[in-house]
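Chemist: Have a peek at run.cif (mmCIF, C-alpha atoms).
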```cif
data_run
loop_
_atom_site.label_atom_id
_atom_site.label_comp_id
_atom_site.auth_asym_id
_atom_site.auth_seq_id
_atom_site.Cartn_x
_atom_site.Cartn_y
_atom_site.Cartn_z
CA MET E 247 67.08 247.53 77.24
CA LEU E 248 67.32 244.20 79.15
CA ASP E 249 64.69 241.58 79.98
CA PHE E 250 64.67 241.07 83.74
CA ASP E 251 61.34 239.22 83.73
CA LYS E 252 62.42 235.89 82.28
CA ALA E 253 64.31 234.69 85.36
CA GLY E 254 62.46 236.33 88.22
CA GLY E 255 64.07 239.75 88.00
CA LEU E 256 67.56 238.53 87.24
CA ILE E 257 69.94 238.32 84.31
CA ALA E 258 73.03 236.15 83.98
CA ALA E 259 76.31 238.08 83.98
CA VAL E 260 79.30 236.40 82.36
CA VAL E 261 82.58 238.06 83.27
CA GLN E 262 85.41 237.74 80.80
CA ASP E 263 88.97 239.02 81.03
CA ALA E 264 89.13 241.78 78.40
CA GLU E 265 92.70 240.88 77.46
CA SER E 266 92.89 237.08 77.54
CA GLY E 267 89.23 236.20 76.90
CA GLU E 268 89.27 233.87 79.92
CA VAL E 269 85.85 233.50 81.56
CA LEU E 270 86.42 234.44 85.20
CA MET E 271 82.99 234.04 86.79
CA VAL E 272 79.25 233.87 86.25
CA ALA E 273 76.90 235.64 88.63
CA TRP E 274 73.50 237.31 88.80
CA GLN E 275 72.29 240.85 88.45
CA ASN E 276 68.98 242.46 89.19
CA ARG E 277 68.16 245.80 87.61
CA GLU E 278 69.82 247.72 90.42
CA ALA E 279 73.07 245.75 90.14
CA PHE E 280 73.10 246.33 86.38
CA GLU E 281 72.49 250.07 86.74
CA ARG E 282 75.09 250.45 89.50
CA THR E 283 77.62 248.63 87.29
CA ARG E 284 76.94 250.99 84.39
CA GLU E 285 77.08 254.07 86.59
CA THR E 286 80.27 253.19 88.43
CA GLY E 287 82.15 251.08 85.85
CA ARG E 288 82.69 248.44 88.52
CA MET E 289 80.91 245.09 88.65
CA HIS E 290 77.97 244.85 91.05
CA TYR E 291 75.90 241.70 91.57
CA TYR E 292 72.81 240.48 93.31
CA SER E 293 73.26 237.67 95.81
CA ARG E 294 70.33 235.26 95.74
CA SER E 295 71.33 233.61 99.02
CA ARG E 296 71.80 236.90 100.89
CA ASP E 297 69.10 238.85 98.94
CA LYS E 298 71.56 241.71 98.67
CA LEU E 299 73.39 243.94 96.21
CA TRP E 300 77.15 243.62 96.44
CA MET E 301 80.16 245.05 94.65
CA LYS E 302 82.93 242.67 93.66
CA GLY E 303 85.96 243.71 95.65
CA GLU E 304 84.11 245.48 98.46
CA THR E 305 85.84 243.19 100.99
CA SER E 306 88.84 241.91 99.05
CA GLY E 307 89.76 244.97 97.00
CA HIS E 308 89.62 242.71 93.95
CA VAL E 309 87.41 244.99 91.89
CA GLN E 310 86.41 244.40 88.28
CA GLU E 311 86.67 247.40 85.96
CA VAL E 312 84.24 247.27 83.06
CA ARG E 313 85.66 247.75 79.57
CA GLU E 314 82.77 246.63 77.35
CA ILE E 315 79.22 245.31 77.80
CA LEU E 316 77.68 242.88 75.30
CA VAL E 317 74.07 241.69 75.38
CA ASP E 318 72.59 238.55 73.86
CA CYS E 319 69.79 238.19 71.33
CA ASP E 320 67.00 237.74 73.88
CA ARG E 321 68.41 240.33 76.27
CA ASP E 322 68.56 238.17 79.40
CA ALA E 323 72.32 237.52 79.50
CA VAL E 324 75.22 239.95 79.44
CA VAL E 325 78.94 239.51 78.81
CA TYR E 326 81.16 241.96 80.65
CA LYS E 327 84.68 242.37 79.38
CA ILE E 328 86.62 243.57 82.39
CA ARG E 329 89.99 244.18 83.95
CA GLN E 330 90.35 242.04 87.08
CA VAL E 331 92.30 243.35 90.04
CA GLY E 332 93.67 240.37 92.01
CA GLY E 333 91.50 237.27 91.58
CA ALA E 334 87.85 236.76 90.70
CA CYS E 335 87.39 233.66 92.84
CA HIS E 336 86.94 233.75 96.61
CA THR E 337 89.08 230.58 96.80
CA GLY E 338 92.19 232.53 95.71
CA TYR E 339 92.30 231.51 92.08
CA ARG E 340 92.17 234.06 89.30
CA SER E 341 89.09 232.39 87.73
CA CYS E 342 86.15 230.62 89.36
CA PHE E 343 86.45 228.14 86.48
CA HIS E 344 89.70 226.62 87.68
CA ARG E 345 88.57 222.99 87.42
CA ARG E 346 87.89 220.80 84.42
CA ILE E 347 85.37 217.97 84.29
CA GLU E 348 87.30 214.94 83.06
CA PRO E 349 85.74 212.25 80.84
CA ASN E 350 85.44 209.96 83.89
CA GLY E 351 83.50 212.67 85.75
CA GLU E 352 86.29 213.72 88.09
CA LEU E 353 87.08 217.38 88.71
CA LYS E 354 90.69 218.21 87.91
CA LEU E 355 92.39 221.43 88.97
CA ILE E 356 93.74 223.23 85.90
CA ALA E 357 94.85 226.51 87.50
CA THR E 358 98.56 226.56 88.17
CA GLU E 359 98.57 228.77 91.24
CA LYS E 360 96.49 230.90 93.56
CA VAL E 361 96.87 234.64 93.02
CA PHE E 362 96.03 235.51 96.64
CA ASP E 363 95.57 233.88 100.05
CA PRO E 364 91.85 233.94 100.93
CA ALA E 365 92.59 233.52 104.65
CA GLN E 366 94.45 236.83 104.60
CA VAL E 367 92.23 238.72 102.16
CA TYR E 368 88.94 237.81 103.83
CA ALA E 369 90.23 237.94 107.42
CA GLN E 370 88.15 240.16 109.69
CA MET Q 258 79.50 216.64 90.57
CA LEU Q 259 77.28 219.69 89.86
CA ASP Q 260 74.77 221.54 92.04
CA PHE Q 261 71.41 221.54 90.27
CA ASP Q 262 69.48 222.61 93.37
CA LYS Q 263 70.51 226.25 93.59
CA ALA Q 264 68.46 227.45 90.59
CA GLY Q 265 65.51 225.09 90.56
CA GLY Q 266 67.18 222.16 88.85
CA LEU Q 267 69.19 224.20 86.37
CA ILE Q 268 72.78 225.28 85.83
CA ALA Q 269 74.02 228.11 83.61
CA ALA Q 270 75.94 226.94 80.54
CA VAL Q 271 78.37 229.44 79.00
CA VAL Q 272 79.46 228.42 75.52
CA GLN Q 273 82.81 229.68 74.35
CA ASP Q 274 84.55 229.18 71.01
CA ALA Q 275 87.48 226.89 71.81
CA GLU Q 276 89.74 228.67 69.32
CA SER Q 277 88.92 232.37 69.60
CA GLY Q 278 87.60 232.51 73.17
CA GLU Q 279 84.51 234.38 71.96
CA VAL Q 280 81.44 233.77 74.14
CA LEU Q 281 78.78 232.53 71.72
CA MET Q 282 75.75 231.96 73.93
CA VAL Q 283 74.44 231.37 77.43
CA ALA Q 284 71.69 228.85 78.06
CA TRP Q 285 70.34 226.45 80.68
CA GLN Q 286 70.86 222.82 81.43
CA ASN Q 287 69.03 220.44 83.69
CA ARG Q 288 70.74 217.22 84.75
CA GLU Q 289 69.51 215.37 81.67
CA ALA Q 290 70.84 218.04 79.28
CA PHE Q 291 74.20 217.97 81.04
CA GLU Q 292 74.43 214.16 80.91
CA ARG Q 293 73.35 214.00 77.25
CA THR Q 294 76.01 216.60 76.42
CA ARG Q 295 78.70 214.55 78.14
CA GLU Q 296 77.57 211.31 76.53
CA THR Q 297 77.27 212.64 72.99
CA GLY Q 298 79.89 215.41 72.92
CA ARG Q 299 77.26 217.74 71.49
CA MET Q 300 75.61 220.57 73.38
CA HIS Q 301 72.13 219.87 74.76
CA TYR Q 302 70.04 222.38 76.65
CA TYR Q 303 66.83 222.66 78.61
CA SER Q 304 64.28 225.16 77.34
CA ARG Q 305 62.46 226.86 80.20
CA SER Q 306 59.73 228.25 77.94
CA ARG Q 307 59.06 224.92 76.18
CA ASP Q 308 59.93 222.70 79.21
CA LYS Q 309 61.91 220.51 76.87
CA LEU Q 310 65.37 219.06 76.24
CA TRP Q 311 66.86 220.17 72.92
CA MET Q 312 70.08 219.68 71.05
CA LYS Q 313 71.70 222.71 69.48
CA GLY Q 314 71.63 222.11 65.73
CA GLU Q 315 68.74 219.62 65.70
CA THR Q 316 66.87 221.89 63.25
CA SER Q 317 69.64 224.04 61.80
CA GLY Q 318 72.50 221.54 61.64
CA HIS Q 319 74.55 224.09 63.57
CA VAL Q 320 75.80 221.68 66.20
CA GLN Q 321 78.31 222.49 68.92
CA GLU Q 322 81.08 219.94 69.47
CA VAL Q 323 82.42 219.92 73.00
CA ARG Q 324 86.19 220.22 73.45
CA GLU Q 325 86.51 220.95 77.16
CA ILE Q 326 84.20 221.40 80.17
CA LEU Q 327 85.09 223.71 83.05
CA VAL Q 328 83.10 224.08 86.25
CA ASP Q 329 83.02 226.99 88.67
CA CYS Q 330 83.83 227.04 92.38
CA ASP Q 331 80.26 226.56 93.57
CA ARG Q 332 79.42 224.04 90.86
CA ASP Q 333 76.32 225.76 89.44
CA ALA Q 334 77.83 227.20 86.26
CA VAL Q 335 79.76 225.49 83.49
CA VAL Q 336 81.94 226.81 80.66
CA TYR Q 337 81.90 224.67 77.55
CA LYS Q 338 84.72 225.23 75.08
CA ILE Q 339 83.31 224.11 71.78
CA ARG Q 340 83.65 224.05 68.01
CA GLN Q 341 80.64 225.79 66.44
CA VAL Q 342 79.30 224.57 63.11
CA GLY Q 343 77.57 227.49 61.35
CA GLY Q 344 76.26 230.06 63.82
CA ALA Q 345 75.21 229.87 67.46
CA CYS Q 346 72.49 232.51 67.19
CA HIS Q 347 69.05 231.84 65.69
CA THR Q 348 69.20 235.32 64.16
CA GLY Q 349 72.01 234.27 61.80
CA TYR Q 350 74.94 235.76 63.64
CA ARG Q 351 77.84 233.63 64.80
CA SER Q 352 77.39 234.77 68.42
CA CYS Q 353 74.24 235.62 70.37
CA PHE Q 354 76.31 238.46 71.86
CA HIS Q 355 76.44 240.49 68.68
CA ARG Q 356 75.36 243.78 70.24
CA ARG Q 357 77.15 246.14 72.60
CA ILE Q 358 75.48 248.36 75.20
CA GLU Q 359 76.76 251.85 74.54
CA PRO Q 360 77.37 254.41 77.31
CA ASN Q 361 74.11 256.16 76.36
CA GLY Q 362 72.21 252.87 76.76
CA GLU Q 363 71.69 252.17 73.05
CA LEU Q 364 72.34 248.73 71.60
CA LYS Q 365 74.88 248.80 68.80
CA LEU Q 366 75.45 245.92 66.39
CA ILE Q 367 79.10 244.88 66.51
CA ALA Q 368 78.98 241.74 64.35
CA THR Q 369 80.12 242.43 60.82
CA GLU Q 370 77.97 239.90 59.00
CA LYS Q 371 75.49 237.06 59.37
CA VAL Q 372 76.96 233.60 58.83
CA PHE Q 373 73.65 232.13 57.65
CA ASP Q 374 70.15 233.15 56.56
CA PRO Q 375 67.67 232.17 59.29
CA ALA Q 376 64.72 232.25 56.85
CA GLN Q 377 66.35 229.47 54.89
CA VAL Q 378 67.85 227.47 57.74
CA TYR Q 379 64.69 227.41 59.89
CA ALA Q 380 62.23 227.09 56.97
CA GLN Q 381 59.83 224.17 57.37
#
```
Please go through the file and, once you have read it, give me the structure as structure tokens.

Modeler:
Amino acid sequence: MLDFDKAGGLIAAVVQDAESGEVLMVAWQNREAFERTRETGRMHYYSRSRDKLWMKGETSGHVQEVREILVDCDRDAVVYKIRQVGGACHTGYRSCFHRRIEPNGELKLIATEKVFDPAQVYAQ
Amino acid sequence: MLDFDKAGGLIAAVVQDAESGEVLMVAWQNREAFERTRETGRMHYYSRSRDKLWMKGETSGHVQEVREILVDCDRDAVVYKIRQVGGACHTGYRSCFHRRIEPNGELKLIATEKVFDPAQVYAQ
């Protein structure tokens, strides 16, 4: 159904708020992460740096509930329309895409507020 | 400004219709493709299979005009909000994400119509 061979066993997963259409994050999935996501209805990813399957929200509780799964023409990228509990970004913002690249190259914060305090949520 | 080292010189480019919020395609950019996009205001990509910089629309005329550029928290993925001339997908559909993965694993066409005829547009 999907082509995991083109990028070394991985596909790109674009996560979009099912209501607003806002893109919340982009991450990677291997076949196992994709299958676990379909089975459970909650977003799972593959971490390249940690070489590990992980579920979004396993530490923070900020799970992503899958509403719809779209696949692109060459079957190596997937759009997940989801419902986000809390925030998608580990920095506390709702979206990982909370900064704009300005014409002069500077990064400008466009998010108006953090939706959670990462120091509390990710405290051990 | 961006981290091109994490995925072998490439970043993921998510292309979103600036008006509707629809995700139209996902592709790759090396530093040159990113800089050319910023300079010209038109989407440029890097083709992994052809090892080549290309501009969307160079053959079809279906260019993508950049309205806004967002960057994610770890600076290896970018969302481009664009205006799409014609269709984003080489198959003739407006979006590359024109199919849904159904619960039984089948791919179901969700686009209602093609916006152009690829046999005509890509004819030599």

Chemist: With only C-alpha atoms as the basis for distance, which of E:Leu316, E:Leu355, E:Val367, E:Cys335 is at the shortest distance from chain Q?

Modeler: E:Leu316

Chemist: With distances taken over only C-alpha atoms, which of Q:Gly298, Q:Gly278, Q:Gly314, Q:Gly343 is nearest to chain E?

Modeler: Q:Gly278

Chemist: Evaluate the PyMOL selection byres ((chain E) within 9 of (chain Q)) here and jot the selected residues down as a ChimeraX atom specification.

Modeler: /E:247,258,260,262,266-273,284,314-320,323-325,335-337,341-349,351-353

Chemist: Counting only C-alpha atoms, what is within 12 Å of Val320 of chain Q, bar same-chain residues fewer than 3 positions away, as an MDAnalysis selection string?

Modeler: chainID Q and resid 294 297:302 311:317 323 339:346

Chemist: Can you tell me how far atom CA of Thr358 of chain E sits from atom CA of Gly307 of chain E, in Å to one decimal?

Modeler: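 That distance, rounded to one decimal, is 22.2 Å.
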
Chemist: Would you mind telling me which residue in Q:Lys338, Q:Gly349, Q:Phe291, Q:Ile268 lies nearest to Ala376 of chain Q when using all atoms listed in the file?

Modeler: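 Of the candidates, the smallest distance to Ala376 of chain Q is held by Q:Gly349.
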
Chemist: Suppose you want the space between atom CA of Arg277 of chain E and atom CA of His308 of chain E; what is it in Å?

Modeler: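 Computing the Euclidean distance for atom CA of Arg277 of chain E and atom CA of His308 of chain E yields 22.6 Å.
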